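Structure first, commentary second.
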Amino acid sequence: MNNDLSSIKPDRPSIITSEIEAIHFYRKMDTKATVVELVEGKYVLVEEYYSNGLEVLSELKKNLLKKYKDKSFQGQRDYRSAFRDASHRLLLKVKDNKLLVKKAPHIGWLELLYPEVSEFYISFPEVQGMNSSWQWYQKGIEVKTLDINLHPFYGTYFPTRFDHLKLFDKWLKKYEGSKEKVIEIGIGSGVLSFQLIQNGFENIFATDTNKNAIIGVEQESKRLGYEDKITLNHGDLFDNCDVMADLIVFNPPWLLAKHKLEEGLDKAIYFEEDLFPRFFEQAQKHLKVDGKIVLIFSNLAQVVDKESSHPIIEELRNNNRFRKELHLRRDVRASSKKTQRTDSRENEKVELWVLSQKTEK
């Protein structure tokens, strides 16, 4: 385990520590009129009950859906962007690590992430996210491919569907190469590294640009007794890495960003155009001659936009660095048996690619 992790401070939601001019929203006020003010750019402070904030958000959705009627993938993205912009002006007040409104949930992150601030304002959606995250952190998430429960740290990507993990597990069970050294790029909540350890790999160098991911995996590694098998590094791709690996594992974001990325979870979902070219260029320098690259990906970008290119196929087609050894695909099942997949993701498949270096003849 990297010994320099104590200096890493977690990313946390933005807060307002100064007094602000806001509409104070109480029960029985005109919700529609309040939402109009919210959309126009004014702050709204939820008073009395936590549920009052839920009432405002419900009305905000109705308001925006009248304008954003396009049901396409891009149309829904535009709607979510507008909703995010307005809803983050809906505020709650925190004092002594507790929400001041009545019947509010207890959220441990308020104390853990803001130990030095006694009083501040925070957006209602951020509180909702922190509440959900706290529940996952406390209760844990069952990962059947690991046969353990994980407790993901705030602001860290964790899987809610497991088809890609099953695909990776299937490949790992048949892998017969060297298990001496592995690099994982983008460790997230640690699932892939923990799968590697359970399959006999004992020297993993893992990186992530998300500080919260590094903090969370450090905690989980200690809890599971894996800390001596993982070296963690906060950085981009192969920053600070001097390892020559038998295996490089990468579960990259699956969608090309068409907006400016924020730190944290945004970068777990969307990738910038230069990500894959940079990854393949650097991976070649850290892969042993007989080593392999394993990429876990999806055809989601092509499902939602038929004109979208596939970055792994582009690499194989345009450069002379790697050759394809294996390409596995698996249907993505709904997260619940009750869910009927009728959206744009019903044709999505997860993919596992195994690449090796081309050798000169």
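Following the order of the structure tokens, chains are lettered A, B, ..., residues in each are numbered from 1, and ligands are numbered from 1.
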Compile a residue-level contact table for region 44-154 of chain A against region 199-220 of chain A at a cut-off of 8 Å, reporting for every qualifying residue the shortest atom pair and its distance in Å to one decimal, with only C-alpha atoms counted, rows ordered by chain and ascending number, as a tab-separated table.
```
residue	atom	partner	partner_atom	distance
A:Leu150	CA	A:Glu220	CA	7.4
A:His151	CA	A:Glu220	CA	7.2
A:Pro152	CA	A:Gly216	CA	6.2
A:Phe153	CA	A:Gly216	CA	4.8
A:Tyr154	CA	A:Asn212	CA	6.7
```
Region 7-16 of chain A surroundings by only C-alpha atoms, 10 Å radius, close-in-sequence under 4 positions cut, as a ChimeraX atom specification: /A:3,20,91,93-94,109-110,112-114,117,119-123,126-127,129-130,153-155,210-216,234,263-264
Only C-alpha atoms, please: the residues just picked out, written as a tab-separated table (two decimals), in the first residue's frame.
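Saved the output as result-v7.tsv:
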```
chain	number	residue	atom	x	y	z
A	3	ASN	CA	2.36	5.24	2.28
A	20	ILE	CA	-27.19	34.56	0.84
A	91	LEU	CA	-30.63	24.83	-0.69
A	93	LYS	CA	-28.90	24.69	5.84
A	94	VAL	CA	-26.47	22.58	7.86
A	109	TRP	CA	-20.77	12.33	5.33
A	110	LEU	CA	-21.70	15.79	6.65
A	112	LEU	CA	-16.71	13.17	7.78
A	113	LEU	CA	-16.35	15.52	4.81
A	114	TYR	CA	-16.81	18.88	6.57
A	117	VAL	CA	-17.15	23.86	9.02
A	119	GLU	CA	-22.54	26.11	9.52
A	120	PHE	CA	-23.18	26.25	5.77
A	121	TYR	CA	-25.67	25.90	2.91
A	122	ILE	CA	-25.66	22.96	0.49
A	123	SER	CA	-27.84	22.11	-2.52
A	126	GLU	CA	-26.17	17.09	-3.30
A	127	VAL	CA	-27.82	16.12	0.00
A	129	GLY	CA	-26.73	12.08	-3.37
A	130	MET	CA	-24.90	12.08	-0.06
A	153	PHE	CA	-16.64	5.82	-0.40
A	154	TYR	CA	-18.54	8.98	-1.29
A	155	GLY	CA	-18.13	10.14	-4.88
A	210	ASN	CA	-10.51	10.44	-8.45
A	211	LYS	CA	-9.07	11.06	-4.97
A	212	ASN	CA	-12.16	9.58	-3.34
A	213	ALA	CA	-11.62	6.30	-5.19
A	214	ILE	CA	-8.07	6.06	-3.82
A	215	ILE	CA	-9.26	6.85	-0.28
A	216	GLY	CA	-12.10	4.34	-0.52
A	234	HIS	CA	-3.57	9.17	-7.34
A	263	GLU	CA	-13.77	15.66	-11.37
A	264	GLY	CA	-15.07	12.46	-9.81
```
Every residue of region 49-222 of chain A that DSSP places in strand (DSSP E or B), as a ChimeraX atom specification: /A:49,90-95,98-99,102,119-123,141-143,148-150,182-185,204-208
Please, could you write that set of residues out with N, CA and C atoms as a PDB file, in the first residue's frame?
```pdb
ATOM      1  N   TYR A  49     -39.662  21.388   6.780  1.00  0.00           N
ATOM      2  CA  TYR A  49     -39.560  19.942   6.588  1.00  0.00           C
ATOM      3  C   TYR A  49     -38.699  19.594   5.374  1.00  0.00           C
ATOM      4  N   LEU A  90     -31.562  25.105  -5.129  1.00  0.00           N
ATOM      5  CA  LEU A  90     -32.445  24.748  -4.022  1.00  0.00           C
ATOM      6  C   LEU A  90     -31.563  24.296  -2.863  1.00  0.00           C
ATOM      7  N   LEU A  91     -31.612  25.010  -1.755  1.00  0.00           N
ATOM      8  CA  LEU A  91     -30.627  24.827  -0.694  1.00  0.00           C
ATOM      9  C   LEU A  91     -31.232  24.315   0.611  1.00  0.00           C
ATOM     10  N   LEU A  92     -30.362  23.670   1.395  1.00  0.00           N
ATOM     11  CA  LEU A  92     -30.641  23.289   2.776  1.00  0.00           C
ATOM     12  C   LEU A  92     -29.553  23.877   3.661  1.00  0.00           C
ATOM     13  N   LYS A  93     -29.897  24.172   4.900  1.00  0.00           N
ATOM     14  CA  LYS A  93     -28.898  24.691   5.836  1.00  0.00           C
ATOM     15  C   LYS A  93     -28.417  23.579   6.752  1.00  0.00           C
ATOM     16  N   VAL A  94     -27.100  23.557   6.986  1.00  0.00           N
ATOM     17  CA  VAL A  94     -26.469  22.577   7.864  1.00  0.00           C
ATOM     18  C   VAL A  94     -25.833  23.302   9.042  1.00  0.00           C
ATOM     19  N   LYS A  95     -26.061  22.783  10.241  1.00  0.00           N
ATOM     20  CA  LYS A  95     -25.422  23.335  11.430  1.00  0.00           C
ATOM     21  C   LYS A  95     -24.983  22.192  12.325  1.00  0.00           C
ATOM     22  N   LYS A  98     -25.537  18.650  10.950  1.00  0.00           N
ATOM     23  CA  LYS A  98     -26.902  18.145  10.826  1.00  0.00           C
ATOM     24  C   LYS A  98     -27.736  19.102   9.990  1.00  0.00           C
ATOM     25  N   LEU A  99     -28.673  18.530   9.229  1.00  0.00           N
ATOM     26  CA  LEU A  99     -29.619  19.339   8.478  1.00  0.00           C
ATOM     27  C   LEU A  99     -30.628  19.944   9.450  1.00  0.00           C
ATOM     28  N   LYS A 102     -36.832  19.589   9.670  1.00  0.00           N
ATOM     29  CA  LYS A 102     -37.382  18.435  10.383  1.00  0.00           C
ATOM     30  C   LYS A 102     -37.504  17.225   9.468  1.00  0.00           C
ATOM     31  N   GLU A 119     -21.273  25.612  10.044  1.00  0.00           N
ATOM     32  CA  GLU A 119     -22.543  26.105   9.518  1.00  0.00           C
ATOM     33  C   GLU A 119     -22.385  26.472   8.049  1.00  0.00           C
ATOM     34  N   PHE A 120     -23.280  25.960   7.207  1.00  0.00           N
ATOM     35  CA  PHE A 120     -23.180  26.249   5.771  1.00  0.00           C
ATOM     36  C   PHE A 120     -24.476  25.863   5.069  1.00  0.00           C
ATOM     37  N   TYR A 121     -24.562  26.276   3.781  1.00  0.00           N
ATOM     38  CA  TYR A 121     -25.673  25.895   2.913  1.00  0.00           C
ATOM     39  C   TYR A 121     -25.152  24.904   1.871  1.00  0.00           C
ATOM     40  N   ILE A 122     -26.020  23.967   1.491  1.00  0.00           N
ATOM     41  CA  ILE A 122     -25.656  22.965   0.486  1.00  0.00           C
ATOM     42  C   ILE A 122     -26.883  22.664  -0.363  1.00  0.00           C
ATOM     43  N   SER A 123     -26.694  22.324  -1.632  1.00  0.00           N
ATOM     44  CA  SER A 123     -27.837  22.113  -2.517  1.00  0.00           C
ATOM     45  C   SER A 123     -28.585  20.833  -2.159  1.00  0.00           C
ATOM     46  N   ILE A 141     -22.572  -3.174  -0.553  1.00  0.00           N
ATOM     47  CA  ILE A 141     -23.130  -3.667  -1.811  1.00  0.00           C
ATOM     48  C   ILE A 141     -22.611  -5.077  -2.052  1.00  0.00           C
ATOM     49  N   GLU A 142     -23.519  -5.999  -2.250  1.00  0.00           N
ATOM     50  CA  GLU A 142     -23.104  -7.388  -2.503  1.00  0.00           C
ATOM     51  C   GLU A 142     -22.563  -7.514  -3.927  1.00  0.00           C
ATOM     52  N   VAL A 143     -21.327  -7.987  -4.041  1.00  0.00           N
ATOM     53  CA  VAL A 143     -20.717  -8.256  -5.344  1.00  0.00           C
ATOM     54  C   VAL A 143     -20.495  -9.761  -5.437  1.00  0.00           C
ATOM     55  N   ILE A 148     -18.347 -10.991  -1.548  1.00  0.00           N
ATOM     56  CA  ILE A 148     -18.162 -10.092  -0.407  1.00  0.00           C
ATOM     57  C   ILE A 148     -19.040  -8.861  -0.615  1.00  0.00           C
ATOM     58  N   ASN A 149     -19.208  -8.088   0.445  1.00  0.00           N
ATOM     59  CA  ASN A 149     -19.874  -6.798   0.360  1.00  0.00           C
ATOM     60  C   ASN A 149     -18.830  -5.693   0.325  1.00  0.00           C
ATOM     61  N   LEU A 150     -19.013  -4.735  -0.581  1.00  0.00           N
ATOM     62  CA  LEU A 150     -18.139  -3.574  -0.640  1.00  0.00           C
ATOM     63  C   LEU A 150     -18.846  -2.367  -0.039  1.00  0.00           C
ATOM     64  N   VAL A 182       0.635  -6.626 -12.155  1.00  0.00           N
ATOM     65  CA  VAL A 182      -0.540  -6.103 -12.847  1.00  0.00           C
ATOM     66  C   VAL A 182      -0.638  -4.594 -12.628  1.00  0.00           C
ATOM     67  N   ILE A 183      -1.121  -3.901 -13.642  1.00  0.00           N
ATOM     68  CA  ILE A 183      -1.481  -2.488 -13.506  1.00  0.00           C
ATOM     69  C   ILE A 183      -2.973  -2.379 -13.786  1.00  0.00           C
ATOM     70  N   GLU A 184      -3.702  -1.730 -12.862  1.00  0.00           N
ATOM     71  CA  GLU A 184      -5.100  -1.398 -13.164  1.00  0.00           C
ATOM     72  C   GLU A 184      -5.227   0.109 -13.275  1.00  0.00           C
ATOM     73  N   ILE A 185      -5.784   0.557 -14.391  1.00  0.00           N
ATOM     74  CA  ILE A 185      -6.020   1.974 -14.622  1.00  0.00           C
ATOM     75  C   ILE A 185      -7.479   2.283 -14.295  1.00  0.00           C
ATOM     76  N   ILE A 204      -0.310  -5.559  -7.439  1.00  0.00           N
ATOM     77  CA  ILE A 204      -1.118  -4.700  -8.303  1.00  0.00           C
ATOM     78  C   ILE A 204      -0.762  -3.238  -8.075  1.00  0.00           C
ATOM     79  N   PHE A 205      -0.455  -2.544  -9.154  1.00  0.00           N
ATOM     80  CA  PHE A 205      -0.264  -1.093  -9.113  1.00  0.00           C
ATOM     81  C   PHE A 205      -1.528  -0.494  -9.706  1.00  0.00           C
ATOM     82  N   ALA A 206      -2.284   0.263  -8.888  1.00  0.00           N
ATOM     83  CA  ALA A 206      -3.591   0.770  -9.328  1.00  0.00           C
ATOM     84  C   ALA A 206      -3.646   2.285  -9.216  1.00  0.00           C
ATOM     85  N   THR A 207      -4.196   2.917 -10.240  1.00  0.00           N
ATOM     86  CA  THR A 207      -4.276   4.374 -10.277  1.00  0.00           C
ATOM     87  C   THR A 207      -5.716   4.831 -10.468  1.00  0.00           C
ATOM     88  N   ASP A 208      -5.964   6.083 -10.107  1.00  0.00           N
ATOM     89  CA  ASP A 208      -7.252   6.722 -10.408  1.00  0.00           C
ATOM     90  C   ASP A 208      -7.069   8.228 -10.285  1.00  0.00           C
TER      91      ASP A 208
END
```
Distance criterion (only C-alpha atoms): nearest to Lys67 (chain A) out of A:Val39, A:Val46, A:Ala22, A:Ile187: A:Val39
DSSP alpha helix (DSSP H) selection over region 43-228 of chain A, as an MDAnalysis selection string: chainID A and resid 50:65 73:87 109:113 124:139 163:174 191:198 211:224
Close residues, Tyr68 (chain A) itself excluded, 7 Å, only C-alpha atoms, min 3 positions apart in chain, as a VMD selection string: chain A and resid 64 to 65 79
Please, could you write that set of residues out with all heavy atoms as a JSON list (two decimals), in the first residue's frame?
```
[["chain", "number", "residue", "atom", "x", "y", "z"],
["A", 64, "LEU", "N", -39.87, 21.83, -16.26],
["A", 64, "LEU", "CA", -38.85, 21.68, -17.31],
["A", 64, "LEU", "C", -39.29, 20.72, -18.41],
["A", 64, "LEU", "O", -38.91, 20.88, -19.58],
["A", 64, "LEU", "CB", -37.53, 21.20, -16.69],
["A", 64, "LEU", "CG", -36.83, 22.21, -15.78],
["A", 64, "LEU", "CD1", -35.58, 21.60, -15.17],
["A", 64, "LEU", "CD2", -36.47, 23.49, -16.55],
["A", 65, "LEU", "N", -40.10, 19.71, -18.06],
["A", 65, "LEU", "CA", -40.55, 18.74, -19.08],
["A", 65, "LEU", "C", -41.49, 19.38, -20.10],
["A", 65, "LEU", "O", -41.66, 18.86, -21.20],
["A", 65, "LEU", "CB", -41.23, 17.56, -18.40],
["A", 65, "LEU", "CG", -40.28, 16.56, -17.73],
["A", 65, "LEU", "CD1", -41.06, 15.53, -16.94],
["A", 65, "LEU", "CD2", -39.37, 15.89, -18.75],
["A", 79, "TYR", "N", -32.19, 17.98, -20.94],
["A", 79, "TYR", "CA", -33.14, 18.13, -19.83],
["A", 79, "TYR", "C", -32.43, 17.97, -18.49],
["A", 79, "TYR", "O", -32.62, 18.77, -17.57],
["A", 79, "TYR", "CB", -34.27, 17.10, -19.95],
["A", 79, "TYR", "CG", -35.00, 16.87, -18.64],
["A", 79, "TYR", "CD1", -35.90, 17.81, -18.15],
["A", 79, "TYR", "CD2", -34.77, 15.71, -17.90],
["A", 79, "TYR", "CE1", -36.56, 17.62, -16.94],
["A", 79, "TYR", "CE2", -35.42, 15.51, -16.69],
["A", 79, "TYR", "CZ", -36.31, 16.45, -16.21],
["A", 79, "TYR", "OH", -36.95, 16.27, -15.02]]
```
Nearby residues (only C-alpha atoms) at most 12 Å from Met29 (chain A), same-chain spacing under 4 positions excluded, as a count of residues only: 12
